[in-house]
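Asks: Here you go, one structure.
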Amino acid sequence: MKWREYPFDAKTDEPKKILDGCIEARRLLLTGFGGFEKVDKKKWRDAFTPTNVAISLIGESLLYSRLGEFIEECDKRKLISFLVTNGTLPTKLDKLLDSAEPTQLYVTLPAPDKQTYTKACRPIIKNGWGKLNESLELMKSFSCKTAVRLTMVKGLNMKNPDKYASLIKKAEPDYCEVKAYFHVGESQKRLQRNNMPMMPEIKKFAAEIADCIGYKIKDDDEQSRVVLLSKK
């Protein structure tokens with residue numbers, strides 16, 4: 001997981017242009033389904049007008065210099081915004097407190113300690129572990145819903161639930177997601193199928209974290225191998 005983080009002076013697109021482009025791209029992807037007789041046409045038409053925006057997936061979302069404006073544009077259109085960050089840009093995360101908070105903020109917690117963090121993430125930025133801890137501390141200042149996300153990899157970062165618990169306590173999130181790594185995509189070049197935890201293992205690990213932080217097991221999903229912990 002070598003993050004694409006580096007200084008750059010590239011010209012940034014307007015928030016409105018990006019959002020319009022995303023919606024148009026979604027509609028193009030959906031167009032062909034209209035000709036399939038088994039498709040529920042009402043659901044198909046409804047899907048042309050999205051209600052949620054996930055600001056994540058490729059690189060680090062906080063690198064976009066006009067992120068606050070983008071979230072404001074989502075708010076204007078009554079879109080639910082989910083912001084996901086790896087926590088390595090706490091100063092930019094802090095700026096959102098003065099501009100526009102997302103509907104829900106997710107911070108990825110990939111390791112229970114600095115040594116495991118360095119091995120698992122191979123960050124190219126300086127002091128990534130320290131910056132992640134700063135971001136965790138910032139989370140409790142947000143008024144929106146917050147969540148800490150853990151993707152567990154057997155033989156790599158699936159250990160020391162008590163240390164994960166100590167880090168989660170810093171953030172005081174509303175939720176904590178404990179999810180299994182899946183052996184798909186580019187990760188197949190670095191990891192093995194036996195690095196995927198099974199659902200009983202995820203449940204056990206999540207329960208151990210929950211006991212340490214006093215959270216409740218709110219829900220789980222067998223197919224996704226994920227357990228949701230909730231503060232309330």
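Letters A, B, ... go to the chains of the structure tokens in the order shown; residues in each chain start at 1; ligands are counted from 1 in the same order.
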Fewer than 4 positions away in the same chain doesn't count, so skip those; otherwise give me all residues within 12 Å of range 28-33 of chain A, counting only C-alpha atoms, as a PyMOL selection string.
Replies: chain A and resi 21-24+37-50
Asks: Please identify all polymer residues within 10 Å of range 203-217 of chain A, counting only C-alpha atoms, omitting same-chain residues fewer than 3 positions from it, and present them as number ranges by chain.
Replies: A: 150, 152, 158-169, 172, 174-180, 197-200, 220, 222, 225-232
Asks: Give me, as a PDB file with C-alpha atoms, in the first residue's frame, all polymer residues having an atom no more than 7 Å from range 70-87 of chain A, counting only C-alpha atoms and skipping those fewer than 6 positions away in the same chain.
Replies:
ATOM      1  CA  PRO A  15     -15.625  21.341  -7.331  1.00  0.00           C
ATOM      2  CA  LYS A  16     -18.821  21.748  -9.360  1.00  0.00           C
ATOM      3  CA  THR A  51     -27.848  10.456  -3.015  1.00  0.00           C
ATOM      4  CA  ASN A  52     -24.405   9.564  -1.625  1.00  0.00           C
ATOM      5  CA  VAL A  53     -20.870  10.636  -2.482  1.00  0.00           C
ATOM      6  CA  ALA A  54     -17.850   8.624  -1.321  1.00  0.00           C
ATOM      7  CA  ILE A  55     -14.739  10.823  -1.312  1.00  0.00           C
ATOM      8  CA  SER A  56     -12.120   8.105  -1.204  1.00  0.00           C
ATOM      9  CA  GLU A  60      -5.470  10.540  -0.390  1.00  0.00           C
ATOM     10  CA  SER A  61      -8.653  12.611  -0.642  1.00  0.00           C
ATOM     11  CA  LEU A  62      -7.298  15.468   1.503  1.00  0.00           C
ATOM     12  CA  ALA A 100     -17.220  22.252   5.717  1.00  0.00           C
ATOM     13  CA  PRO A 102     -18.607  15.855   5.621  1.00  0.00           C
ATOM     14  CA  THR A 103     -21.678  13.900   6.655  1.00  0.00           C
ATOM     15  CA  GLN A 104     -19.381  11.182   7.963  1.00  0.00           C
ATOM     16  CA  LEU A 105     -15.609  11.065   8.428  1.00  0.00           C
ATOM     17  CA  TYR A 106     -13.620   7.835   8.194  1.00  0.00           C
ATOM     18  CA  VAL A 107      -9.984   7.510   9.236  1.00  0.00           C
ATOM     19  CA  THR A 108      -8.131   4.333   8.305  1.00  0.00           C
ATOM     20  CA  LYS A 131       0.567  12.388  11.648  1.00  0.00           C
ATOM     21  CA  LEU A 132      -1.928   9.521  11.815  1.00  0.00           C
ATOM     22  CA  SER A 135      -5.593  12.902  12.919  1.00  0.00           C
TER      23      SER A 135
END
Asks: Would you please give, as a short mmCIF file (atom, residue, chain, number, x, y, z; two decimals) with N, CA and C atoms, in the first residue's frame, all residues of range 5-102 of chain A that DSSP assigns to strand (DSSP E) based on the backbone?
Replies:
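What ended up in states30.cif:
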data_model
loop_
_atom_site.label_atom_id
_atom_site.label_comp_id
_atom_site.auth_asym_id
_atom_site.auth_seq_id
_atom_site.Cartn_x
_atom_site.Cartn_y
_atom_site.Cartn_z
N ASN A 52 -25.61 9.67 -2.45
CA ASN A 52 -24.40 9.56 -1.63
C ASN A 52 -23.15 9.83 -2.46
N VAL A 53 -22.16 10.41 -1.83
CA VAL A 53 -20.87 10.64 -2.48
C VAL A 53 -19.76 10.11 -1.58
N ALA A 54 -18.99 9.15 -2.08
CA ALA A 54 -17.85 8.62 -1.32
C ALA A 54 -16.58 9.31 -1.82
N ILE A 55 -15.95 10.08 -0.95
CA ILE A 55 -14.74 10.82 -1.31
C ILE A 55 -13.55 9.99 -0.82
N ILE A 80 -25.33 13.11 0.63
CA ILE A 80 -24.63 12.62 1.82
C ILE A 80 -23.17 12.36 1.43
N SER A 81 -22.23 12.99 2.14
CA SER A 81 -20.82 12.85 1.80
C SER A 81 -20.06 12.02 2.83
N PHE A 82 -19.32 11.04 2.33
CA PHE A 82 -18.48 10.18 3.16
C PHE A 82 -17.03 10.44 2.80
N LEU A 83 -16.28 11.02 3.73
CA LEU A 83 -14.88 11.34 3.48
C LEU A 83 -13.99 10.29 4.14
N VAL A 84 -13.09 9.69 3.35
CA VAL A 84 -12.16 8.68 3.86
C VAL A 84 -10.74 9.20 3.72
N THR A 85 -9.97 9.12 4.78
CA THR A 85 -8.58 9.58 4.76
C THR A 85 -7.68 8.57 5.46
#
Asks: Which residues are close to Phe142 in chain A, i.e. within 8 Å by only C-alpha atoms, leaving aside same-chain residues fewer than 4 positions away? Reply as a PyMOL selection string.
Replies: chain A and resi 97+101+138+146
Asks: Convert the current residue selection to file output with C-alpha atoms, as a PDB file, in the first residue's frame.
Replies:
ATOM      1  CA  LEU A  97     -13.427  22.107  10.950  1.00  0.00           C
ATOM      2  CA  GLU A 101     -17.512  18.952   7.539  1.00  0.00           C
ATOM      3  CA  LEU A 138      -8.634  15.563  15.798  1.00  0.00           C
ATOM      4  CA  THR A 146     -17.030   9.593  12.722  1.00  0.00           C
TER       5      THR A 146
END
Asks: From a DSSP calculation on the backbone, collect every residue of range 58-199 of chain A in alpha helix (DSSP H) and output the set as a PyMOL selection string.
Replies: chain A and resi 67-76+90-96+114-121+128-139+161-171+199
Asks: For the residues in that selection, give me N, CA and C atoms as a tab-separated table (two decimals), in the first residue's frame.
Replies:
chain	number	residue	atom	x	y	z
A	67	LEU	N	-11.23	20.78	-1.21
A	67	LEU	CA	-12.12	19.76	-0.68
A	67	LEU	C	-13.28	20.36	0.10
A	68	GLY	N	-13.01	21.41	0.88
A	68	GLY	CA	-14.09	22.05	1.64
A	68	GLY	C	-15.19	22.56	0.73
A	69	GLU	N	-14.79	23.18	-0.39
A	69	GLU	CA	-15.77	23.68	-1.36
A	69	GLU	C	-16.55	22.53	-2.00
A	70	PHE	N	-15.84	21.40	-2.22
A	70	PHE	CA	-16.50	20.24	-2.83
A	70	PHE	C	-17.58	19.69	-1.89
A	71	ILE	N	-17.26	19.63	-0.60
A	71	ILE	CA	-18.23	19.15	0.39
A	71	ILE	C	-19.41	20.11	0.47
A	72	GLU	N	-19.13	21.42	0.39
A	72	GLU	CA	-20.21	22.41	0.39
A	72	GLU	C	-21.12	22.22	-0.82
A	73	GLU	N	-20.53	21.90	-1.96
A	73	GLU	CA	-21.32	21.65	-3.17
A	73	GLU	C	-22.21	20.41	-2.98
A	74	CYS	N	-21.67	19.41	-2.32
A	74	CYS	CA	-22.48	18.22	-2.00
A	74	CYS	C	-23.65	18.60	-1.10
A	75	ASP	N	-23.38	19.45	-0.11
A	75	ASP	CA	-24.42	19.89	0.82
A	75	ASP	C	-25.53	20.64	0.09
A	76	LYS	N	-25.14	21.52	-0.87
A	76	LYS	CA	-26.12	22.29	-1.63
A	76	LYS	C	-27.08	21.37	-2.38
A	90	PRO	N	-3.03	15.79	8.82
A	90	PRO	CA	-3.85	16.36	9.90
A	90	PRO	C	-4.10	17.85	9.77
A	91	THR	N	-3.16	18.61	9.21
A	91	THR	CA	-3.37	20.05	9.08
A	91	THR	C	-4.51	20.35	8.12
A	92	LYS	N	-4.61	19.56	7.06
A	92	LYS	CA	-5.71	19.75	6.10
A	92	LYS	C	-7.03	19.25	6.68
A	93	LEU	N	-6.95	18.20	7.47
A	93	LEU	CA	-8.15	17.71	8.14
A	93	LEU	C	-8.67	18.76	9.12
A	94	ASP	N	-7.76	19.41	9.81
A	94	ASP	CA	-8.11	20.45	10.77
A	94	ASP	C	-8.83	21.62	10.09
A	95	LYS	N	-8.43	21.95	8.86
A	95	LYS	CA	-9.04	23.07	8.13
A	95	LYS	C	-10.52	22.81	7.83
A	96	LEU	N	-10.90	21.54	7.71
A	96	LEU	CA	-12.30	21.23	7.43
A	96	LEU	C	-13.20	21.62	8.59
A	114	LYS	N	3.91	1.63	15.53
A	114	LYS	CA	4.72	2.25	14.48
A	114	LYS	C	5.45	1.23	13.62
A	115	GLN	N	6.01	0.21	14.24
A	115	GLN	CA	6.76	-0.80	13.50
A	115	GLN	C	5.88	-1.52	12.47
A	116	THR	N	4.68	-1.91	12.90
A	116	THR	CA	3.76	-2.58	11.99
A	116	THR	C	3.27	-1.62	10.92
A	117	TYR	N	3.05	-0.38	11.29
A	117	TYR	CA	2.62	0.64	10.35
A	117	TYR	C	3.62	0.80	9.21
A	118	THR	N	4.89	0.89	9.56
A	118	THR	CA	5.94	1.06	8.56
A	118	THR	C	6.02	-0.15	7.63
A	119	LYS	N	5.87	-1.33	8.19
A	119	LYS	CA	5.94	-2.57	7.40
A	119	LYS	C	4.73	-2.70	6.48
A	120	ALA	N	3.55	-2.40	6.99
A	120	ALA	CA	2.32	-2.60	6.23
A	120	ALA	C	2.10	-1.53	5.17
A	121	CYS	N	2.43	-0.28	5.49
A	121	CYS	CA	2.08	0.84	4.61
A	121	CYS	C	3.22	1.34	3.75
A	128	GLY	N	4.74	9.54	9.11
A	128	GLY	CA	3.36	9.14	8.83
A	128	GLY	C	2.64	8.66	10.08
A	129	TRP	N	3.33	7.92	10.92
A	129	TRP	CA	2.71	7.40	12.14
A	129	TRP	C	2.31	8.54	13.09
A	130	GLY	N	3.19	9.51	13.24
A	130	GLY	CA	2.88	10.65	14.10
A	130	GLY	C	1.70	11.45	13.57
A	131	LYS	N	1.66	11.63	12.26
A	131	LYS	CA	0.57	12.39	11.65
A	131	LYS	C	-0.76	11.64	11.78
A	132	LEU	N	-0.72	10.32	11.63
A	132	LEU	CA	-1.93	9.52	11.81
A	132	LEU	C	-2.47	9.71	13.23
A	133	ASN	N	-1.59	9.71	14.20
A	133	ASN	CA	-2.02	9.90	15.59
A	133	ASN	C	-2.60	11.29	15.81
A	134	GLU	N	-2.06	12.30	15.12
A	134	GLU	CA	-2.64	13.65	15.20
A	134	GLU	C	-4.06	13.66	14.65
A	135	SER	N	-4.26	12.96	13.53
A	135	SER	CA	-5.59	12.90	12.92
A	135	SER	C	-6.59	12.20	13.82
A	136	LEU	N	-6.13	11.14	14.49
A	136	LEU	CA	-7.01	10.44	15.43
A	136	LEU	C	-7.43	11.37	16.56
A	137	GLU	N	-6.49	12.17	17.05
A	137	GLU	CA	-6.81	13.13	18.11
A	137	GLU	C	-7.82	14.17	17.64
A	138	LEU	N	-7.74	14.55	16.36
A	138	LEU	CA	-8.63	15.56	15.80
A	138	LEU	C	-10.07	15.07	15.66
A	139	MET	N	-10.24	13.79	15.49
A	139	MET	CA	-11.56	13.24	15.17
A	139	MET	C	-12.64	13.65	16.16
A	161	PRO	N	-5.00	-6.42	19.81
A	161	PRO	CA	-6.25	-5.65	19.84
A	161	PRO	C	-6.25	-4.57	20.92
A	162	ASP	N	-5.50	-4.80	21.99
A	162	ASP	CA	-5.44	-3.80	23.06
A	162	ASP	C	-4.75	-2.52	22.59
A	163	LYS	N	-3.76	-2.65	21.70
A	163	LYS	CA	-3.07	-1.46	21.18
A	163	LYS	C	-3.98	-0.71	20.20
A	164	TYR	N	-4.73	-1.45	19.39
A	164	TYR	CA	-5.71	-0.80	18.53
A	164	TYR	C	-6.71	-0.03	19.39
A	165	ALA	N	-7.12	-0.65	20.48
A	165	ALA	CA	-8.10	-0.02	21.37
A	165	ALA	C	-7.59	1.30	21.93
A	166	SER	N	-6.31	1.33	22.30
A	166	SER	CA	-5.73	2.57	22.84
A	166	SER	C	-5.76	3.69	21.82
A	167	LEU	N	-5.51	3.35	20.56
A	167	LEU	CA	-5.53	4.35	19.49
A	167	LEU	C	-6.95	4.81	19.20
A	168	ILE	N	-7.89	3.88	19.21
A	168	ILE	CA	-9.29	4.23	18.96
A	168	ILE	C	-9.82	5.15	20.06
A	169	LYS	N	-9.38	4.93	21.28
A	169	LYS	CA	-9.81	5.78	22.39
A	169	LYS	C	-9.41	7.24	22.18
A	170	LYS	N	-8.28	7.46	21.49
A	170	LYS	CA	-7.85	8.83	21.19
A	170	LYS	C	-8.88	9.55	20.34
A	171	ALA	N	-9.46	8.80	19.40
A	171	ALA	CA	-10.36	9.40	18.42
A	171	ALA	C	-11.79	9.55	18.92
A	199	MET	N	-14.56	-15.07	8.80
A	199	MET	CA	-15.51	-14.29	9.59
A	199	MET	C	-15.43	-14.58	11.09
Asks: Quick one: residues within 6 Å of Val153 in chain A, only C-alpha atoms, excluding same-chain residues fewer than 3 positions away - as a PyMOL selection string?
Replies: chain A and resi 156-158+181+195
Asks: Distance CA of Gly155 in chain A-CA of Glu201 in chain A, one decimal place?
Replies: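 If I compute the distance from CA of Gly155 in chain A to CA of Glu201 in chain A, I get 12.7 Å.
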Asks: Could you please determine the separation between CA of Phe182 in chain A and CA of Ile202 in chain A in Å, to one decimal place?
Replies: 12.4 Å
Asks: Check the smallest atom-to-atom distance from each of A:His183, A:Thr88, A:Pro112, A:Asp98 to Met196 in chain A using only C-alpha atoms, then report the winner.
Replies: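 Ranked by minimum distance to Met196 in chain A, first place goes to A:His183.
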